[in-house]
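To start, the structure under review is shown below, and the notes come after it.
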Number of protein chains: 2
Amino acid sequence: MKAEPMFKKIAIIGVGLIGGSIGLVARKKGLASETIGVFRRQVSLKNALKMKAVDKGTMDIQEAVSGADLIVVSTPVNKVKQKIREAANRAKKSAIIIDVNSVKEDVVRYADKIMPAGVYFVGTHPVAGSEETGVLSANADMFRDSVCIITPTRHTAKPALKKVIRFWAKLGSKVKVSSPASHDKVTANISHLPHLLAYSICHAVPIEDMKSSGPGMKDTTRIAKSNPRMWAEIFLENKHHLLKSIECFQRDITSLKKDIRGSNKKALLAKLASAQRKRNSIS
Amino acid sequence: MKAEPMFKKIAIIGVGLIGGSIGLVARKKGLASETIGVFRRQVSLKNALKMKAVDKGTMDIQEAVSGADLIVVSTPVNKVKQKIREAANRAKKSAIIIDVNSVKEDVVRYADKIMPAGVYFVGTHPVAGSEETGVLSANADMFRDSVCIITPTRHTAKPALKKVIRFWAKLGSKVKVSSPASHDKVTANISHLPHLLAYSICHAVPIEDMKSSGPGMKDTTRIAKSNPRMWAEIFLENKHHLLKSIECFQRDITSLKKDIRGSNKKALLAKLASAQRKRNSIS
């Protein structure tokens with residue numbers, strides 16, 4: 001006997017790399033009776049159906065959200081608040097809305113403020129993805145063994161929170177729960193800082209030199225292939241925490257430089273060995 | 001009819017990740033009638049034979065070098081000059097000695113100075129490898145599509161240079177020829193700088209935060225898993241150029257930080273887009 005699906009209808013607003021992968025896994029695991037995507041462009045709708053990321057697609061947010069008991073807002077960062085508002089205004093009573101934005105404080109504060117009575121918002125951030133964008137790069141293993149950080153506040157309804165945690169666990173993620181502020185601080189360190197540094201290395205190093213790159217340079221800068229507009233928006237949205245992360249990193253580089261300039265091999269080695277141990281601890 | 005091998009006997013001093021991979025490919029492609037490795041530890045010798053990285057192993061450099069027409073010095077950086085000297089003093093007339101060190105100016109100057117008449121030195125640097133060390137990580141695809149930079153000087157004999165270029169091409173590398181100084185400048189940018197930054201990110205970011213890392217952070221810092229002692233030595237050996245690379249990078253980060261602090265989206269986006277274009281151009 002097949003288990004009852006978690007949701008009758010999931011609406012996914014923005015069926016790209018992440019939204020599309022959520023749809024793929026939800027369909028594969030039978031987490032919903034129906035999965036419908038909201039699109040801005042006909043070609044993305046066609047691609048999403050071809051990829052089997054959703055059962056059905058529409059350009060009409062009203063049609064998608066109507067009757068949905070889970071609404072996933074997975075648009076680019078500059079549309080998230082607008083789409084949360086549009087979804088909230090059209091959602092049925094008892095619907096749960098989640099976003100997947102990689103910066104949480106501002107979005108969650110906004111969503112808490114505008115959420116109508118009886119519609120429940122839970123902020124989530126799957127730490128997954130790649131330098132690719134678009135539904136054609138979506139895949140059913142996207143969340144396997146990845147971390148998903150869920151960011152409730154004092155306004156978050158417990159039953160909705162529990163259901164969202166269960167949903168992400170079923171998608172394959174290791175769920176962590178954190179405050180939005182603490183999330184943004186951690187994410188500045190482990191996602192926004194490395195993206196900025198990867199871009200910066202490529203920006204600083206002459207193109208003629210880059211042509212001799214080996215696998216080390218290529219891996220370290222892979223994420224500099226990511227969409228620059230998306231990342232400029234993320235960096236600015238998480239400016240407060242990111243600036244602190246950059247400054248901490250700058251102090252570290254200055255200290256390493258001092259060791260190198262002074263040929264202080266003992267101090268240099270101690271720092272590299274400590275960094276290696278930390279890196280080895282996360283696989 | 002099988003083609004004549006390029007060399008009668010190849011001696012590999014230091015059969016680790018790179019030396020072992022050279023042996024593997026040379027044997028596979030029949031580039032030598034005999035390939036012999038020089039080891040310091042019995043266990044590495046056994047592993048190298050098990051991996052088929054060499055035909056034969058010895059702890060005795062005299063035995064290996066005697067009669068060899070190609071001698072590959074692929075020890076850790078702090079032994080390279082010593083092993084080049086030991087090899088040179090025992091090499092037969094017309095033998096070619098190459099090293100694979102990732103810093104070239106100092107080693108090549110030294111080798112040019114001490115090379116006996118009739119023994120030919122050519123500096124080489126395969127921009128290949130991984131965060132692994134040791135012969136058990138050697139593999140026959142190590143050099144496929146990688147760049148190998150060959151660093152002749154006015155002392156380098158043309159026929160030896162040509163033969164070494166041909167050897168690396170047969171190992172699978174795209175060969176580039178460069179002066180040792182220019183090599184060290186480029187390598188500071190595309191190899192030593194990214195290694196230092198990967199270590200620095202891991203050193204700067206709290207371990208609790210790192211536990212939530214996604215694929216971006218993991219790839220960007222993969223090379224921080226590399227041997228810290230080896231890299232401390234490389235950083236110090238290429239100190240002059242590396243310090244310049246670090247300073248150029250520091251200026252870049254400072255400028256990005258200024259754009260972020262001032263919410264200058266246009267300037268930020270222009271820099272990220274330029275970095276992305278450069279990164280996309282190298283696959």
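Going by the structure tokens order, chains are called A, B, ..., each with residues numbered from 1, while ligands are numbered from 1 in the order shown.
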Polymer residues at most 9 Å from segment 258-261 of chain A, only C-alpha atoms, same-chain spacing of 2 or more positions, as a short mmCIF file (atom, residue, chain, number, x, y, z; two decimals) with C-alpha atoms, in the first residue's frame:
```
data_model
loop_
_atom_site.label_atom_id
_atom_site.label_comp_id
_atom_site.auth_asym_id
_atom_site.auth_seq_id
_atom_site.Cartn_x
_atom_site.Cartn_y
_atom_site.Cartn_z
CA ILE A 253 45.94 36.18 4.60
CA THR A 254 47.94 39.09 6.04
CA SER A 255 49.22 36.83 8.79
CA LEU A 256 50.15 34.08 6.30
CA SER A 263 60.40 32.72 6.09
CA ASN A 264 58.77 31.65 9.35
CA LYS A 265 58.31 28.04 8.29
CA LYS A 266 57.22 26.80 11.71
CA ALA A 267 54.36 29.30 12.03
CA LEU A 268 53.34 28.83 8.39
CA ALA B 232 54.97 25.38 3.22
CA PHE B 235 55.42 28.80 -0.68
CA LEU B 236 58.77 29.72 0.85
CA LYS B 239 58.30 33.60 -1.88
CA HIS B 240 59.33 36.45 -4.15
CA LEU B 242 54.04 34.54 -4.38
CA LEU B 243 54.17 37.70 -2.27
#
```
For Ala204 of chain A, list every protein, DNA or RNA residue within 8 Å, evaluated using only C-alpha atoms, and leave out those in the same chain fewer than 4 positions away; present the list as a tab-separated table (two decimals) with all heavy atoms, in the first residue's frame.
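Saved result, result00.tsv, follows:
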```tsv
chain	number	residue	atom	x	y	z
A	200	SER	N	37.32	36.60	-7.26
A	200	SER	CA	38.44	37.53	-7.12
A	200	SER	C	39.74	36.94	-7.69
A	200	SER	O	40.51	37.66	-8.34
A	200	SER	CB	38.61	37.89	-5.64
A	200	SER	OG	39.62	38.86	-5.49
B	248	CYS	N	48.59	41.44	-5.22
B	248	CYS	CA	47.66	41.75	-6.31
B	248	CYS	C	46.25	41.27	-5.94
B	248	CYS	O	45.26	41.99	-6.09
B	248	CYS	CB	48.17	41.08	-7.58
B	248	CYS	SG	47.04	41.17	-8.94
B	249	PHE	N	46.18	40.07	-5.40
B	249	PHE	CA	44.89	39.52	-4.97
B	249	PHE	C	44.28	40.35	-3.83
B	249	PHE	O	43.08	40.63	-3.82
B	249	PHE	CB	45.08	38.06	-4.52
B	249	PHE	CG	43.90	37.49	-3.82
B	249	PHE	CD1	42.80	37.06	-4.53
B	249	PHE	CD2	43.88	37.41	-2.43
B	249	PHE	CE1	41.69	36.56	-3.86
B	249	PHE	CE2	42.78	36.91	-1.76
B	249	PHE	CZ	41.68	36.48	-2.49
B	252	ASP	N	42.61	43.30	-5.13
B	252	ASP	CA	41.35	42.96	-5.78
B	252	ASP	C	40.22	42.77	-4.77
B	252	ASP	O	39.12	43.27	-4.94
B	252	ASP	CB	41.54	41.68	-6.62
B	252	ASP	CG	40.46	41.55	-7.68
B	252	ASP	OD1	40.61	42.23	-8.72
B	252	ASP	OD2	39.48	40.83	-7.46
```
As a ChimeraX atom specification, please: the residues near Leu272 of chain A (cut-off 6 Å, only C-alpha atoms, same-chain neighbours under 3 positions excluded). /A:269,275 /B:199,228
Could you give me, as a PDB file with C-alpha atoms, in the first residue's frame, the residues within 9 Å of Arg40 of chain B, counting only C-alpha atoms and dropping anything in the same chain fewer than 2 positions from it?
```
ATOM      1  CA  GLY B  14      61.181   9.633  -5.784  1.00  0.00           C
ATOM      2  CA  VAL B  38      64.727   4.814  -6.288  1.00  0.00           C
ATOM      3  CA  GLN B  42      60.628  -0.556   1.486  1.00  0.00           C
ATOM      4  CA  VAL B  43      56.853  -0.124   1.728  1.00  0.00           C
ATOM      5  CA  SER B  44      56.816   2.490  -1.068  1.00  0.00           C
ATOM      6  CA  LEU B  45      58.929   0.177  -3.228  1.00  0.00           C
ATOM      7  CA  THR B  58      66.058  -0.089  -5.426  1.00  0.00           C
ATOM      8  CA  MET B  59      67.213   1.914  -2.395  1.00  0.00           C
ATOM      9  CA  ASP B  60      70.563   2.447  -4.154  1.00  0.00           C
TER      10      ASP B  60
END
```
Per DSSP on the backbone, what are the strand (DSSP E or B) residues of segment 87-276 of chain B, as a PyMOL selection string? chain B and resi 96-99+120-127+147-150+174-177
Please save N, CA, C and O atoms of the selected residues as a compact mmCIF listing (two decimals), in the first residue's frame.
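The result, stored in part19.txt:
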```txt
# COMPACT_ATOMS: atom_id res chain seq x y z
N ILE B 96 70.18 12.50 -19.74
CA ILE B 96 69.37 13.69 -19.52
C ILE B 96 68.75 13.60 -18.13
O ILE B 96 68.21 12.55 -17.75
N ILE B 97 68.86 14.69 -17.37
CA ILE B 97 68.21 14.74 -16.05
C ILE B 97 67.09 15.78 -16.11
O ILE B 97 67.30 16.89 -16.59
N ILE B 98 65.90 15.40 -15.65
CA ILE B 98 64.83 16.39 -15.51
C ILE B 98 64.35 16.38 -14.06
O ILE B 98 64.50 15.39 -13.35
N ASP B 99 63.80 17.51 -13.63
CA ASP B 99 63.10 17.54 -12.35
C ASP B 99 61.64 17.89 -12.64
O ASP B 99 61.29 18.19 -13.79
N TYR B 120 73.00 16.34 -19.34
CA TYR B 120 72.13 17.45 -19.74
C TYR B 120 70.96 17.60 -18.80
O TYR B 120 70.23 16.63 -18.53
N PHE B 121 70.77 18.81 -18.30
CA PHE B 121 69.65 19.07 -17.41
C PHE B 121 68.58 19.90 -18.11
O PHE B 121 68.88 20.87 -18.81
N VAL B 122 67.31 19.51 -17.91
CA VAL B 122 66.18 20.29 -18.40
C VAL B 122 65.14 20.38 -17.27
O VAL B 122 64.68 19.36 -16.76
N GLY B 123 64.79 21.59 -16.90
CA GLY B 123 63.77 21.78 -15.86
C GLY B 123 62.37 21.62 -16.44
O GLY B 123 62.07 22.14 -17.51
N THR B 124 61.50 20.88 -15.74
CA THR B 124 60.12 20.69 -16.21
C THR B 124 59.16 20.79 -15.03
O THR B 124 59.53 20.50 -13.90
N HIS B 125 57.95 21.21 -15.31
CA HIS B 125 56.92 21.26 -14.28
C HIS B 125 55.56 20.86 -14.84
O HIS B 125 54.88 21.67 -15.47
N PRO B 126 55.18 19.61 -14.60
CA PRO B 126 53.82 19.20 -14.98
C PRO B 126 52.81 19.84 -14.02
O PRO B 126 52.86 19.60 -12.83
N VAL B 127 51.91 20.68 -14.58
CA VAL B 127 50.88 21.31 -13.75
C VAL B 127 49.74 20.29 -13.61
O VAL B 127 48.72 20.36 -14.29
N VAL B 147 48.86 20.77 -18.59
CA VAL B 147 49.95 21.57 -19.16
C VAL B 147 51.26 21.15 -18.48
O VAL B 147 51.29 20.90 -17.28
N CYS B 148 52.34 21.00 -19.28
CA CYS B 148 53.67 20.83 -18.68
C CYS B 148 54.53 22.00 -19.15
O CYS B 148 54.68 22.23 -20.35
N ILE B 149 55.07 22.74 -18.19
CA ILE B 149 55.89 23.90 -18.54
C ILE B 149 57.37 23.50 -18.47
O ILE B 149 57.83 22.97 -17.46
N ILE B 150 58.07 23.71 -19.58
CA ILE B 150 59.49 23.33 -19.67
C ILE B 150 60.30 24.62 -19.66
O ILE B 150 59.95 25.59 -20.34
N LYS B 174 50.16 18.99 -22.69
CA LYS B 174 50.34 20.09 -23.62
C LYS B 174 51.56 20.87 -23.13
O LYS B 174 51.55 21.44 -22.04
N VAL B 175 52.63 20.84 -23.93
CA VAL B 175 53.89 21.42 -23.48
C VAL B 175 53.94 22.92 -23.76
O VAL B 175 53.58 23.37 -24.85
N LYS B 176 54.33 23.70 -22.75
CA LYS B 176 54.62 25.12 -22.94
C LYS B 176 56.07 25.35 -22.54
O LYS B 176 56.56 24.70 -21.62
N VAL B 177 56.74 26.24 -23.26
CA VAL B 177 58.14 26.54 -22.95
C VAL B 177 58.20 27.95 -22.39
O VAL B 177 57.55 28.86 -22.89
```
Test item: residues at most 9 Å from Ile13 of chain B, only C-alpha atoms, excluding those fewer than 6 positions along its chain, as a PyMOL selection string: chain B and resi 19+36-39+61+64-65+71-75+83+87
So that I can check the surroundings of Gly134 of chain B, please list as a list in words every protein, DNA and RNA residue that reaches within 9 Å of it, counting only C-alpha atoms and ignoring chain neighbours fewer than 2 positions away.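 Returned residues: Val15, Gly16, Leu17, Ile18, Gly20, Ser44, Glu132, Leu136, Ser137 and Ala138 of chain B.
Taking atom CA of Asn238 of chain A as the reference point, atom CA of Ala91 of chain A is found at 28.6 Å.
Counting only C-alpha atoms, the residue from B:Ser21, B:Ser130, B:Ser179, B:Asn101 that sits nearest to chain A is B:Ser130.
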Enumerate the residues of segment 64-222 of chain B with a DSSP assignment of alpha helix (DSSP H), computed from the backbone, and present them as a ChimeraX atom specification. /B:64-65,80-90,105-114,158-171,180-187,193-204,207-210,215-220
Would you output that residue set with C-alpha atoms, as a PDB file, in the first residue's frame?
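Listing of again-v4.pdb after writing:
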```pdb
ATOM      1  CA  ALA B  64      69.311   3.134 -10.612  1.00  0.00           C
ATOM      2  CA  VAL B  65      71.196   5.965 -12.264  1.00  0.00           C
ATOM      3  CA  VAL B  80      65.395  18.189  -5.233  1.00  0.00           C
ATOM      4  CA  LYS B  81      68.781  19.950  -5.459  1.00  0.00           C
ATOM      5  CA  GLN B  82      70.534  17.252  -3.450  1.00  0.00           C
ATOM      6  CA  LYS B  83      69.103  14.471  -5.639  1.00  0.00           C
ATOM      7  CA  ILE B  84      69.930  16.335  -8.851  1.00  0.00           C
ATOM      8  CA  ARG B  85      73.529  16.584  -7.636  1.00  0.00           C
ATOM      9  CA  GLU B  86      73.697  12.916  -6.630  1.00  0.00           C
ATOM     10  CA  ALA B  87      72.203  11.886  -9.971  1.00  0.00           C
ATOM     11  CA  ALA B  88      74.514  14.189 -11.958  1.00  0.00           C
ATOM     12  CA  ASN B  89      77.610  12.799 -10.236  1.00  0.00           C
ATOM     13  CA  ARG B  90      76.619   9.238 -11.118  1.00  0.00           C
ATOM     14  CA  GLU B 105      64.355  29.480 -10.880  1.00  0.00           C
ATOM     15  CA  ASP B 106      66.473  28.311  -7.976  1.00  0.00           C
ATOM     16  CA  VAL B 107      66.578  24.619  -8.950  1.00  0.00           C
ATOM     17  CA  VAL B 108      67.404  25.316 -12.593  1.00  0.00           C
ATOM     18  CA  ARG B 109      70.153  27.827 -11.707  1.00  0.00           C
ATOM     19  CA  TYR B 110      71.666  25.264  -9.334  1.00  0.00           C
ATOM     20  CA  ALA B 111      71.423  22.395 -11.817  1.00  0.00           C
ATOM     21  CA  ASP B 112      72.977  24.452 -14.636  1.00  0.00           C
ATOM     22  CA  LYS B 113      75.878  25.303 -12.338  1.00  0.00           C
ATOM     23  CA  ILE B 114      76.723  21.796 -11.127  1.00  0.00           C
ATOM     24  CA  LYS B 158      68.903  21.872 -27.769  1.00  0.00           C
ATOM     25  CA  PRO B 159      68.788  18.114 -28.522  1.00  0.00           C
ATOM     26  CA  ALA B 160      68.101  17.310 -24.852  1.00  0.00           C
ATOM     27  CA  LEU B 161      65.395  19.999 -24.745  1.00  0.00           C
ATOM     28  CA  LYS B 162      63.727  18.591 -27.860  1.00  0.00           C
ATOM     29  CA  LYS B 163      63.777  15.089 -26.457  1.00  0.00           C
ATOM     30  CA  VAL B 164      62.283  16.195 -23.140  1.00  0.00           C
ATOM     31  CA  ILE B 165      59.525  18.124 -24.938  1.00  0.00           C
ATOM     32  CA  ARG B 166      58.732  14.982 -26.916  1.00  0.00           C
ATOM     33  CA  PHE B 167      58.745  12.870 -23.748  1.00  0.00           C
ATOM     34  CA  TRP B 168      56.191  15.103 -21.986  1.00  0.00           C
ATOM     35  CA  ALA B 169      54.009  15.259 -25.080  1.00  0.00           C
ATOM     36  CA  LYS B 170      53.991  11.466 -25.144  1.00  0.00           C
ATOM     37  CA  LEU B 171      53.020  11.414 -21.460  1.00  0.00           C
ATOM     38  CA  PRO B 180      62.290  29.761 -15.191  1.00  0.00           C
ATOM     39  CA  ALA B 181      61.497  33.280 -13.871  1.00  0.00           C
ATOM     40  CA  SER B 182      58.387  33.661 -15.964  1.00  0.00           C
ATOM     41  CA  HIS B 183      57.320  30.138 -14.965  1.00  0.00           C
ATOM     42  CA  ASP B 184      57.628  30.997 -11.285  1.00  0.00           C
ATOM     43  CA  LYS B 185      55.593  34.168 -11.742  1.00  0.00           C
ATOM     44  CA  VAL B 186      52.782  32.334 -13.574  1.00  0.00           C
ATOM     45  CA  THR B 187      52.801  29.400 -11.154  1.00  0.00           C
ATOM     46  CA  LEU B 193      48.059  31.496  -4.733  1.00  0.00           C
ATOM     47  CA  PRO B 194      44.961  29.247  -4.950  1.00  0.00           C
ATOM     48  CA  HIS B 195      46.585  26.726  -2.598  1.00  0.00           C
ATOM     49  CA  LEU B 196      47.371  29.463  -0.085  1.00  0.00           C
ATOM     50  CA  LEU B 197      43.840  30.878  -0.328  1.00  0.00           C
ATOM     51  CA  ALA B 198      42.241  27.456   0.119  1.00  0.00           C
ATOM     52  CA  TYR B 199      44.309  26.923   3.272  1.00  0.00           C
ATOM     53  CA  SER B 200      43.484  30.442   4.449  1.00  0.00           C
ATOM     54  CA  ILE B 201      39.705  30.044   4.035  1.00  0.00           C
ATOM     55  CA  CYS B 202      39.803  26.837   6.099  1.00  0.00           C
ATOM     56  CA  HIS B 203      42.049  28.501   8.654  1.00  0.00           C
ATOM     57  CA  ALA B 204      39.792  31.564   8.955  1.00  0.00           C
ATOM     58  CA  ILE B 207      34.968  24.531  12.190  1.00  0.00           C
ATOM     59  CA  GLU B 208      31.313  24.575  13.372  1.00  0.00           C
ATOM     60  CA  ASP B 209      30.418  26.684  10.324  1.00  0.00           C
ATOM     61  CA  MET B 210      32.384  24.426   7.972  1.00  0.00           C
ATOM     62  CA  PRO B 215      29.747  21.664  -2.892  1.00  0.00           C
ATOM     63  CA  GLY B 216      31.012  25.223  -3.557  1.00  0.00           C
ATOM     64  CA  MET B 217      32.996  25.468  -0.331  1.00  0.00           C
ATOM     65  CA  LYS B 218      34.184  21.876  -0.702  1.00  0.00           C
ATOM     66  CA  ASP B 219      35.559  22.350  -4.210  1.00  0.00           C
ATOM     67  CA  THR B 220      37.077  25.725  -3.468  1.00  0.00           C
TER      68      THR B 220
END
```
